[in-house]
file upload_17.tsv (TSV, C-alpha atoms)
chain	number	residue	atom	x	y	z
A	60	MET	CA	-12.54	-6.05	55.12
A	61	ASN	CA	-12.42	-2.25	55.50
A	62	SER	CA	-14.76	-0.37	53.12
A	63	GLN	CA	-11.87	1.68	51.70
A	64	LEU	CA	-9.97	-1.47	50.79
A	65	GLN	CA	-13.13	-2.90	49.26
A	66	SER	CA	-13.40	0.18	47.06
A	67	TYR	CA	-9.86	-0.48	45.82
A	68	LEU	CA	-10.85	-4.02	44.90
A	69	ASN	CA	-13.93	-2.75	43.08
A	70	LEU	CA	-11.76	-0.33	41.08
A	71	PHE	CA	-9.40	-3.12	40.12
A	72	ILE	CA	-12.22	-5.44	39.03
A	73	ALA	CA	-13.89	-2.69	36.99
A	74	ALA	CA	-10.64	-2.07	35.10
A	75	GLN	CA	-10.40	-5.65	33.82
A	76	ASP	CA	-11.00	-6.59	30.20
A	77	PRO	CA	-14.38	-8.42	30.13
A	78	ASN	CA	-13.08	-10.57	27.28
A	79	LEU	CA	-10.63	-12.32	29.60
A	80	SER	CA	-11.53	-15.89	30.54
A	81	VAL	CA	-13.58	-16.47	33.68
A	82	ARG	CA	-10.63	-18.27	35.24
A	83	THR	CA	-8.22	-15.39	34.57
A	84	LEU	CA	-10.64	-12.83	35.97
A	85	TYR	CA	-11.16	-14.97	39.05
A	86	ASN	CA	-7.40	-15.30	39.65
A	87	LYS	CA	-6.87	-11.56	39.34
A	88	GLU	CA	-9.69	-10.76	41.74
A	89	HIS	CA	-8.71	-13.50	44.19
A	90	GLN	CA	-5.05	-12.49	44.36
A	91	ALA	CA	-5.90	-8.82	44.77
A	92	LEU	CA	-8.34	-9.78	47.52
A	93	LEU	CA	-5.67	-11.76	49.36
A	94	PHE	CA	-3.34	-8.79	49.18
A	95	LEU	CA	-5.99	-6.39	50.51
A	96	ARG	CA	-6.90	-8.79	53.31
A	97	TYR	CA	-3.23	-8.86	54.22
A	98	LEU	CA	-3.24	-5.06	54.43
A	99	ASP	CA	-6.38	-5.22	56.56
A	100	SER	CA	-4.68	-7.68	58.93
A	101	ARG	CA	-1.85	-5.15	59.28
A	102	ASN	CA	-4.36	-2.36	60.03
A	103	ILE	CA	-3.46	-0.65	56.77
A	104	HIS	CA	-6.63	0.79	55.26
A	105	THR	CA	-5.36	3.28	52.72
A	106	LEU	CA	-2.79	3.42	49.92
A	107	ALA	CA	-2.03	7.06	50.60
A	108	GLU	CA	1.53	7.49	51.92
A	109	PHE	CA	1.90	3.74	51.50
A	110	ASP	CA	5.10	1.90	52.52
A	111	VAL	CA	5.97	-0.28	49.53
A	112	ASN	CA	7.89	-2.69	51.78
A	113	VAL	CA	4.53	-4.05	52.92
A	114	VAL	CA	4.06	-5.44	49.41
A	115	TYR	CA	7.33	-7.33	49.64
A	116	GLU	CA	6.42	-8.63	53.09
A	117	PHE	CA	3.15	-9.93	51.65
A	118	ILE	CA	4.96	-11.70	48.81
A	119	ALA	CA	7.41	-13.23	51.29
A	120	SER	CA	4.47	-14.62	53.29
A	121	LEU	CA	3.12	-16.61	50.34
A	122	GLU	CA	3.66	-20.36	50.40
A	123	TYR	CA	3.32	-21.18	46.71
A	124	SER	CA	5.57	-22.27	43.86
A	125	SER	CA	7.86	-19.60	42.46
A	126	GLN	CA	5.77	-19.48	39.27
A	127	THR	CA	2.56	-18.82	41.23
A	128	ILE	CA	4.31	-16.13	43.26
A	129	SER	CA	5.43	-14.51	40.00
A	130	GLY	CA	1.78	-14.47	38.99
A	131	PHE	CA	0.94	-12.64	42.21
A	132	GLN	CA	3.63	-10.08	41.44
A	133	PHE	CA	2.29	-9.43	37.94
A	134	ASN	CA	-1.26	-9.01	39.27
A	135	ILE	CA	-0.19	-6.72	42.10
A	136	ARG	CA	1.85	-4.68	39.63
A	137	GLU	CA	-1.30	-4.30	37.55
A	138	PHE	CA	-3.29	-3.49	40.71
A	139	PHE	CA	-0.99	-0.58	41.51
A	140	ASP	CA	-1.14	0.63	37.90
A	141	VAL	CA	-4.93	0.80	38.21
A	142	MET	CA	-4.70	2.58	41.56
A	143	HIS	CA	-2.14	5.02	40.11
A	144	ASP	CA	-4.35	5.75	37.09
A	145	ASN	CA	-7.23	6.52	39.47
A	146	ASN	CA	-5.07	8.86	41.60
A	147	VAL	CA	-5.34	6.58	44.62
A	148	THR	CA	-1.59	6.31	45.07
A	149	SER	CA	1.58	7.81	43.67
A	150	LEU	CA	3.05	4.33	43.28
A	151	SER	CA	2.80	2.82	39.82
A	152	GLY	CA	3.12	-0.89	39.17
A	153	ARG	CA	6.62	-0.51	37.74
A	154	THR	CA	7.66	1.40	40.84
A	155	VAL	CA	6.53	-1.49	43.03
A	156	PHE	CA	7.95	-4.25	40.80
A	157	PRO	CA	10.49	-2.86	38.30
A	158	VAL	CA	11.50	-6.42	37.40
A	159	ILE	CA	9.71	-9.72	37.97
A	160	PHE	CA	11.75	-12.90	37.71
A	161	THR	CA	10.00	-16.04	36.51
A	162	ASN	CA	11.13	-19.63	36.40
A	163	LYS	CA	9.27	-21.32	33.57
A	164	ARG	CA	10.61	-24.72	34.50
A	165	ASP	CA	8.92	-24.47	37.88
A	166	ARG	CA	5.63	-24.93	36.07
A	167	ILE	CA	6.60	-28.45	35.02
A	168	LEU	CA	4.21	-30.70	36.85
A	169	SER	CA	4.96	-33.68	39.02
A	170	TYR	CA	5.22	-37.17	37.61
A	171	TYR	CA	4.04	-40.46	39.12
A	172	GLU	CA	5.06	-43.91	37.96
A	173	THR	CA	2.41	-46.23	36.53
A	174	ASN	CA	2.48	-48.42	39.64
A	175	GLU	CA	1.90	-45.38	41.86
A	176	VAL	CA	-1.12	-44.32	39.83
A	177	ARG	CA	-2.40	-47.91	39.94
A	178	SER	CA	-2.03	-47.98	43.73
A	179	LEU	CA	-3.98	-44.75	44.03
A	180	ILE	CA	-6.82	-46.13	41.91
A	181	ASN	CA	-6.88	-49.49	43.68
A	182	CYS	CA	-7.27	-47.89	47.10
A	183	ILE	CA	-10.65	-46.40	46.15
A	184	ASP	CA	-13.35	-48.54	47.75
A	185	ILE	CA	-16.37	-48.48	45.42
A	186	SER	CA	-18.55	-49.97	48.17
A	187	ALA	CA	-17.96	-46.89	50.32
A	188	LYS	CA	-20.15	-43.80	50.16
A	189	ASN	CA	-19.31	-41.84	46.99
A	190	GLY	CA	-16.73	-44.49	46.10
A	191	VAL	CA	-18.07	-45.10	42.58
A	192	ARG	CA	-18.29	-41.37	41.89
A	193	ASP	CA	-14.77	-40.76	43.16
A	194	LYS	CA	-13.30	-43.63	41.18
A	195	CYS	CA	-14.98	-42.39	37.98
A	196	MET	CA	-13.45	-38.96	38.47
A	197	VAL	CA	-9.98	-40.29	39.31
A	198	LEU	CA	-10.02	-42.69	36.34
A	199	LEU	CA	-11.00	-39.85	34.02
A	200	ALA	CA	-8.02	-37.87	35.25
A	201	ALA	CA	-5.59	-40.81	35.15
A	202	GLN	CA	-6.73	-42.57	31.97
A	203	THR	CA	-7.96	-39.78	29.69
A	204	GLY	CA	-5.77	-36.82	30.70
A	205	LEU	CA	-8.72	-34.43	30.77
A	206	ARG	CA	-8.30	-31.31	32.90
A	207	ALA	CA	-10.23	-30.99	36.16
A	208	ARG	CA	-12.77	-28.51	34.81
A	209	ASP	CA	-13.41	-30.67	31.75
A	210	ILE	CA	-14.00	-33.72	33.95
A	211	LEU	CA	-16.33	-31.95	36.34
A	212	HIS	CA	-18.22	-30.33	33.47
A	213	LEU	CA	-18.43	-33.49	31.39
A	214	ARG	CA	-21.82	-33.58	29.66
A	215	PHE	CA	-23.84	-36.61	28.63
A	216	ASP	CA	-23.83	-35.52	25.00
A	217	GLU	CA	-20.01	-35.54	25.01
A	218	ILE	CA	-19.81	-39.27	25.72
A	219	PHE	CA	-20.13	-41.43	22.61
A	220	TRP	CA	-20.85	-44.80	24.19
A	221	ASP	CA	-21.04	-46.70	20.91
A	222	LYS	CA	-17.62	-45.44	19.81
A	223	ASP	CA	-15.92	-45.60	23.25
A	224	ILE	CA	-14.78	-41.99	22.99
A	225	ILE	CA	-15.26	-38.65	24.75
A	226	CYS	CA	-15.36	-35.55	22.55
A	227	LYS	CA	-15.60	-32.07	24.01
A	228	ILE	CA	-14.49	-28.47	23.73
A	229	GLN	CA	-11.88	-27.75	26.38
A	230	GLN	CA	-12.82	-25.00	28.79
A	231	LYS	CA	-9.29	-23.65	29.05
A	232	THR	CA	-8.25	-23.51	25.40
A	233	LYS	CA	-11.63	-23.69	23.63
A	234	LEU	CA	-10.03	-26.33	21.38
A	235	PRO	CA	-11.76	-29.66	20.66
A	236	VAL	CA	-10.33	-32.83	22.15
A	237	SER	CA	-11.20	-36.48	21.65
A	238	VAL	CA	-9.98	-39.11	24.10
A	239	PRO	CA	-10.58	-42.87	24.26
A	240	LEU	CA	-13.05	-44.18	26.83
A	241	PRO	CA	-11.46	-47.33	28.33
A	242	LYS	CA	-13.80	-50.26	28.94
A	243	ASN	CA	-13.28	-50.31	32.72
A	244	LEU	CA	-14.10	-46.60	32.94
A	245	LYS	CA	-17.10	-46.99	30.65
A	246	ILE	CA	-18.59	-49.74	32.84
A	247	LEU	CA	-18.01	-47.73	36.02
A	248	LEU	CA	-19.54	-44.58	34.53
A	249	ILE	CA	-22.67	-46.51	33.54
A	250	ASP	CA	-22.88	-47.93	37.07
A	251	TYR	CA	-22.54	-44.44	38.57
A	252	ILE	CA	-25.16	-42.91	36.27
A	253	ARG	CA	-27.67	-45.70	36.81
A	254	ASN	CA	-27.25	-46.32	40.51
A	255	TYR	CA	-25.46	-43.47	42.29
A	256	ARG	CA	-25.97	-40.19	40.45
A	257	PRO	CA	-28.59	-37.92	42.07
A	258	THR	CA	-31.82	-37.87	40.07
A	259	SER	CA	-31.72	-34.75	37.91
A	260	ASP	CA	-32.19	-33.50	34.36
A	261	GLU	CA	-28.90	-31.57	34.65
A	262	LYS	CA	-26.69	-31.99	31.57
A	263	TYR	CA	-23.53	-32.66	33.58
A	264	VAL	CA	-22.61	-36.21	34.56
A	265	PHE	CA	-21.26	-35.28	38.00
A	266	ILE	CA	-23.55	-33.18	40.16
A	267	ARG	CA	-23.86	-32.29	43.81
A	268	LYS	CA	-26.62	-34.12	45.69
A	269	GLU	CA	-27.61	-31.01	47.63
A	270	SER	CA	-27.86	-28.48	44.80
A	271	GLY	CA	-27.89	-30.59	41.65
A	272	THR	CA	-25.14	-28.40	40.17
A	273	ALA	CA	-21.67	-29.26	38.86
A	274	TYR	CA	-18.67	-29.43	41.18
A	275	SER	CA	-15.89	-26.83	41.25
A	276	ALA	CA	-12.34	-27.73	40.15
A	277	SER	CA	-11.12	-27.58	43.75
A	278	PHE	CA	-13.40	-30.52	44.58
A	279	LEU	CA	-11.50	-32.91	42.31
A	280	TYR	CA	-8.21	-31.75	43.80
A	281	ALA	CA	-9.51	-32.61	47.26
A	282	VAL	CA	-10.68	-36.05	46.08
A	283	ILE	CA	-7.38	-37.01	44.43
A	284	ASN	CA	-5.33	-35.58	47.29
A	285	HIS	CA	-7.37	-37.71	49.71
A	286	TYR	CA	-6.63	-40.93	47.84
A	287	PHE	CA	-2.94	-40.11	47.44
A	288	ARG	CA	-2.72	-40.05	51.20
A	289	LYS	CA	-4.94	-43.09	51.67
A	290	ALA	CA	-2.74	-45.08	49.30
A	291	ASN	CA	0.35	-44.01	51.32
A	292	ILE	CA	2.05	-42.77	48.17
A	293	SER	CA	5.13	-40.74	48.99
A	294	ILE	CA	4.36	-37.26	47.72
A	295	GLY	CA	7.52	-35.46	48.80
A	296	ASN	CA	7.75	-32.19	46.89
A	297	ARG	CA	5.52	-33.45	44.10
A	298	LYS	CA	2.15	-31.92	43.35
A	299	HIS	CA	-0.73	-34.27	44.02
A	300	GLY	CA	-3.83	-33.07	42.25
A	301	PRO	CA	-5.65	-33.80	38.98
A	302	HIS	CA	-3.08	-32.04	36.80
A	303	ALA	CA	-0.38	-34.31	38.20
A	304	MET	CA	-2.48	-37.21	36.89
A	305	ARG	CA	-2.64	-35.56	33.47
A	306	HIS	CA	1.09	-34.98	33.40
A	307	SER	CA	1.81	-38.52	34.60
A	308	LEU	CA	-0.34	-40.02	31.84
A	309	ALA	CA	1.50	-38.02	29.18
A	310	SER	CA	4.92	-38.82	30.66
A	311	ASN	CA	4.17	-42.54	30.93
A	312	LEU	CA	2.87	-42.62	27.35
A	313	LEU	CA	6.11	-40.98	26.26
A	314	ARG	CA	8.18	-43.53	28.16
A	315	GLU	CA	6.19	-46.29	26.45
A	316	ASN	CA	7.21	-44.79	23.09
A	317	ALA	CA	3.77	-43.53	22.16
A	318	PRO	CA	4.11	-41.18	19.14
A	319	MET	CA	4.18	-37.50	20.04
A	320	PRO	CA	1.16	-36.68	17.80
A	321	VAL	CA	-0.88	-39.22	19.80
A	322	ILE	CA	0.11	-37.61	23.11
A	323	THR	CA	-0.61	-34.16	21.67
A	324	GLY	CA	-4.08	-35.33	20.65
A	325	ILE	CA	-4.86	-36.81	24.06
A	326	LEU	CA	-3.73	-33.66	25.86
A	327	GLY	CA	-5.74	-31.50	23.47
A	328	HIS	CA	-2.76	-29.32	22.63
A	329	LYS	CA	-2.68	-27.21	19.50
A	330	ASP	CA	0.65	-28.56	18.26
A	331	LEU	CA	3.71	-30.67	19.13
A	332	ASN	CA	5.65	-27.66	20.41
A	333	THR	CA	3.12	-27.13	23.19
A	334	THR	CA	3.33	-30.79	24.17
A	335	SER	CA	7.13	-30.82	24.19
A	336	LYS	CA	7.20	-27.75	26.44
A	337	TYR	CA	4.52	-29.29	28.68
A	338	LEU	CA	6.61	-32.42	29.10
A	339	SER	CA	9.90	-30.48	29.28
A	340	ILE	CA	11.35	-32.57	26.49
A	341	ASP	CA	14.82	-31.63	25.36
A	342	VAL	CA	16.25	-32.30	21.92
A	343	GLU	CA	17.91	-35.56	22.98
A	344	SER	CA	14.62	-36.87	24.38
A	345	LEU	CA	12.85	-36.02	21.14
A	346	ARG	CA	15.49	-37.92	19.21
A	347	ASP	CA	14.84	-40.93	21.41
A	348	CYS	CA	11.14	-40.71	20.55
A	349	CYS	CA	11.73	-40.70	16.79
A	350	LEU	CA	11.27	-43.84	14.75
A	351	GLU	CA	14.44	-45.17	13.25
A	352	VAL	CA	14.53	-44.65	9.49
A	353	PRO	CA	16.15	-47.56	7.68
A	354	HIS	CA	19.10	-46.67	5.49
A	355	GLU	CA	18.90	-47.37	1.80
A	356	ASN	CA	21.61	-49.60	0.43

call {"tool": "encode", "arguments": {"input": "upload_17.tsv", "output": "structure tokens"}}
result
Amino acid sequence: MNSQLQSYLNLFIAAQDPNLSVRTLYNKEHQALLFLRYLDSRNIHTLAEFDVNVVYEFIASLEYSSQTISGFQFNIREFFDVMHDNNVTSLSGRTVFPVIFTNKRDRILSYYETNEVRSLINCIDISAKNGVRDKCMVLLAAQTGLRARDILHLRFDEIFWDKDIICKIQQKTKLPVSVPLPKNLKILLIDYIRNYRPTSDEKYVFIRKESGTAYSASFLYAVINHYFRKANISIGNRKHGPHAMRHSLASNLLRENAPMPVITGILGHKDLNTTSKYLSIDVESLRDCCLEVPHEN
């Protein structure tokens, strides 16, 4: 990328609040980088006398959900505010994007029936190379509802084998969560640790053979996506990564009349309101989940 564009990226990164989460900082930097690479591909190497229509052409080129695209718009708006404050351009963020429309419902994740999740799990051949590791990861996503980063950064001291439970602090929310450790998953984890895990003193359960370090969240997405396709599950417009497994678990628990506080606890949410929004539950659905109170005579 052109050195001038790189200097813009450096300015943007330097302006960020260091107290933001690592994930948020990464997203901001990554999205700004994609935008600047787009400019570079168009042989645009300066923001002086900049044609704002190029920004809109970049947004139109993105193949993401509407909610993700809204995120790009907010970050690019902030990018131009930083550039404006540093006298790089006369365009402020509000000039570029006076209004940003968001569709909150677009964030609602995809749902898979219990039999579809079962088919995905059953297609994992544990006799194949990395089969036991993959099945452990997929079962953690499908049966515990842990997020990808919490699965891939699962530590030995967070597994309470005698109590059949996993307790950890969630990376995203920093809130504690405790989830049951099903017997089938427990047995498979022990098999993986004893017979397939690379020899290492690393604290994480899942580590790369080459480096001995933990996997990135994108790795688990690739694993689950692979088995969705191997199982010939019709994906359609549904998402097909680890968070879809988390959402499917919660949705299936709800359909099985599991109490909302139980689902909230498994998901590690702060309160019921967060869970209801996550599941897109309307008032009528909540009424259906309530226990019938007997009338007094």

call {"tool": "residues_around", "arguments": {"input": "upload_17.tsv", "residues": "segment 108-110 of chain A", "least_positions_apart": "5", "cutoff": "9 Å", "atoms": "only C-alpha atoms", "output": "PyMOL selection string"}}
result
chain A and resi 103+148-150

call {"tool": "residues_near_point", "arguments": {"input": "upload_17.tsv", "point": "(-2.6, -7.1, 54.1)", "cutoff": "12 Å", "atoms": "all atoms listed in the file", "output": "PDB file with C-alpha atoms, in the coordinates of the input"}}
result
ATOM      1  CA  MET A  60     -12.540  -6.050  55.120  1.00  0.00           C
ATOM      2  CA  ASN A  61     -12.420  -2.250  55.500  1.00  0.00           C
ATOM      3  CA  LEU A  64      -9.970  -1.470  50.790  1.00  0.00           C
ATOM      4  CA  GLN A  90      -5.050 -12.490  44.360  1.00  0.00           C
ATOM      5  CA  ALA A  91      -5.900  -8.820  44.770  1.00  0.00           C
ATOM      6  CA  LEU A  92      -8.340  -9.780  47.520  1.00  0.00           C
ATOM      7  CA  LEU A  93      -5.670 -11.760  49.360  1.00  0.00           C
ATOM      8  CA  PHE A  94      -3.340  -8.790  49.180  1.00  0.00           C
ATOM      9  CA  LEU A  95      -5.990  -6.390  50.510  1.00  0.00           C
ATOM     10  CA  ARG A  96      -6.900  -8.790  53.310  1.00  0.00           C
ATOM     11  CA  TYR A  97      -3.230  -8.860  54.220  1.00  0.00           C
ATOM     12  CA  LEU A  98      -3.240  -5.060  54.430  1.00  0.00           C
ATOM     13  CA  ASP A  99      -6.380  -5.220  56.560  1.00  0.00           C
ATOM     14  CA  SER A 100      -4.680  -7.680  58.930  1.00  0.00           C
ATOM     15  CA  ARG A 101      -1.850  -5.150  59.280  1.00  0.00           C
ATOM     16  CA  ASN A 102      -4.360  -2.360  60.030  1.00  0.00           C
ATOM     17  CA  ILE A 103      -3.460  -0.650  56.770  1.00  0.00           C
ATOM     18  CA  HIS A 104      -6.630   0.790  55.260  1.00  0.00           C
ATOM     19  CA  THR A 105      -5.360   3.280  52.720  1.00  0.00           C
ATOM     20  CA  LEU A 106      -2.790   3.420  49.920  1.00  0.00           C
ATOM     21  CA  ASP A 110       5.100   1.900  52.520  1.00  0.00           C
ATOM     22  CA  VAL A 111       5.970  -0.280  49.530  1.00  0.00           C
ATOM     23  CA  ASN A 112       7.890  -2.690  51.780  1.00  0.00           C
ATOM     24  CA  VAL A 113       4.530  -4.050  52.920  1.00  0.00           C
ATOM     25  CA  VAL A 114       4.060  -5.440  49.410  1.00  0.00           C
ATOM     26  CA  TYR A 115       7.330  -7.330  49.640  1.00  0.00           C
ATOM     27  CA  GLU A 116       6.420  -8.630  53.090  1.00  0.00           C
ATOM     28  CA  PHE A 117       3.150  -9.930  51.650  1.00  0.00           C
ATOM     29  CA  ILE A 118       4.960 -11.700  48.810  1.00  0.00           C
ATOM     30  CA  SER A 120       4.470 -14.620  53.290  1.00  0.00           C
ATOM     31  CA  LEU A 121       3.120 -16.610  50.340  1.00  0.00           C
TER      32      LEU A 121
END

call {"tool": "residues_around", "arguments": {"input": "upload_17.tsv", "residues": "segment 282-287 of chain A", "least_positions_apart": "6", "cutoff": "10 Å", "atoms": "only C-alpha atoms", "output": "ChimeraX atom specification"}}
result
/A:175-176,178-183,193-194,196-197,200,293-294,298-301,303-304

call {"tool": "closest_atom_pairs", "arguments": {"input": "upload_17.tsv", "of": "segment 187-233 of chain A", "to": "segment 243-264 of chain A", "cutoff": "6 Å", "atoms": "only C-alpha atoms", "output": "JSON lines"}}
result
{"residue": "A:His212", "atom": "CA", "partner": "A:Tyr263", "partner_atom": "CA", "distance": 5.8}
{"residue": "A:Leu213", "atom": "CA", "partner": "A:Tyr263", "partner_atom": "CA", "distance": 5.6}
{"residue": "A:Arg214", "atom": "CA", "partner": "A:Tyr263", "partner_atom": "CA", "distance": 4.4}

call {"tool": "atom_distance", "arguments": {"input": "upload_17.tsv", "atom1": "atom CA of Asn189 of chain A", "atom2": "atom CA of Ile266 of chain A"}}
result
11.8 Å

call {"tool": "atom_distance", "arguments": {"input": "upload_17.tsv", "atom1": "atom CA of Thr154 of chain A", "atom2": "atom CA of Thr127 of chain A"}}
result
20.9 Å

call {"tool": "residues_around", "arguments": {"input": "upload_17.tsv", "residues": "Thr203 of chain A", "least_positions_apart": "3", "cutoff": "12 Å", "atoms": "only C-alpha atoms", "output": "MDAnalysis selection string"}}
result
chainID A and resid 195:200 206:207 209:210 223:226 236:241 244:245 301:302 304:309 312 322 324:327

call {"tool": "atom_distance", "arguments": {"input": "upload_17.tsv", "atom1": "atom CA of Lys242 of chain A", "atom2": "atom CA of Asp330 of chain A"}}
result
28.2 Å

call {"tool": "closest_residue", "arguments": {"input": "upload_17.tsv", "among": "A:Asn145, A:Ser129, A:Asn332, A:Ser124", "to": "Phe71 of chain A", "atoms": "all atoms listed in the file"}}
result
A:Asn145

call {"tool": "closest_residue", "arguments": {"input": "upload_17.tsv", "among": "A:Gln63, A:Ser310, A:Ser186, A:Thr83", "to": "Asn134 of chain A", "atoms": "all atoms listed in the file"}}
result
A:Thr83

call {"tool": "residues_around", "arguments": {"input": "upload_17.tsv", "residues": "Gln132 of chain A", "least_positions_apart": "4", "cutoff": "8 Å", "atoms": "all atoms listed in the file", "output": "mmCIF file with C-alpha atoms, in the coordinates of the input"}}
result
data_model
loop_
_atom_site.group_PDB
_atom_site.id
_atom_site.type_symbol
_atom_site.label_atom_id
_atom_site.label_comp_id
_atom_site.auth_asym_id
_atom_site.auth_seq_id
_atom_site.Cartn_x
_atom_site.Cartn_y
_atom_site.Cartn_z
ATOM 1 C CA ILE A 118 4.960 -11.700 48.810
ATOM 2 C CA ILE A 128 4.310 -16.130 43.260
ATOM 3 C CA ARG A 136 1.850 -4.680 39.630
ATOM 4 C CA PHE A 156 7.950 -4.250 40.800
ATOM 5 C CA ILE A 159 9.710 -9.720 37.970
#

call {"tool": "closest_residue", "arguments": {"input": "upload_17.tsv", "among": "A:Val321, A:Asn296, A:Ala276, A:Gly204", "to": "Tyr123 of chain A", "atoms": "all atoms listed in the file"}}
result
A:Asn296
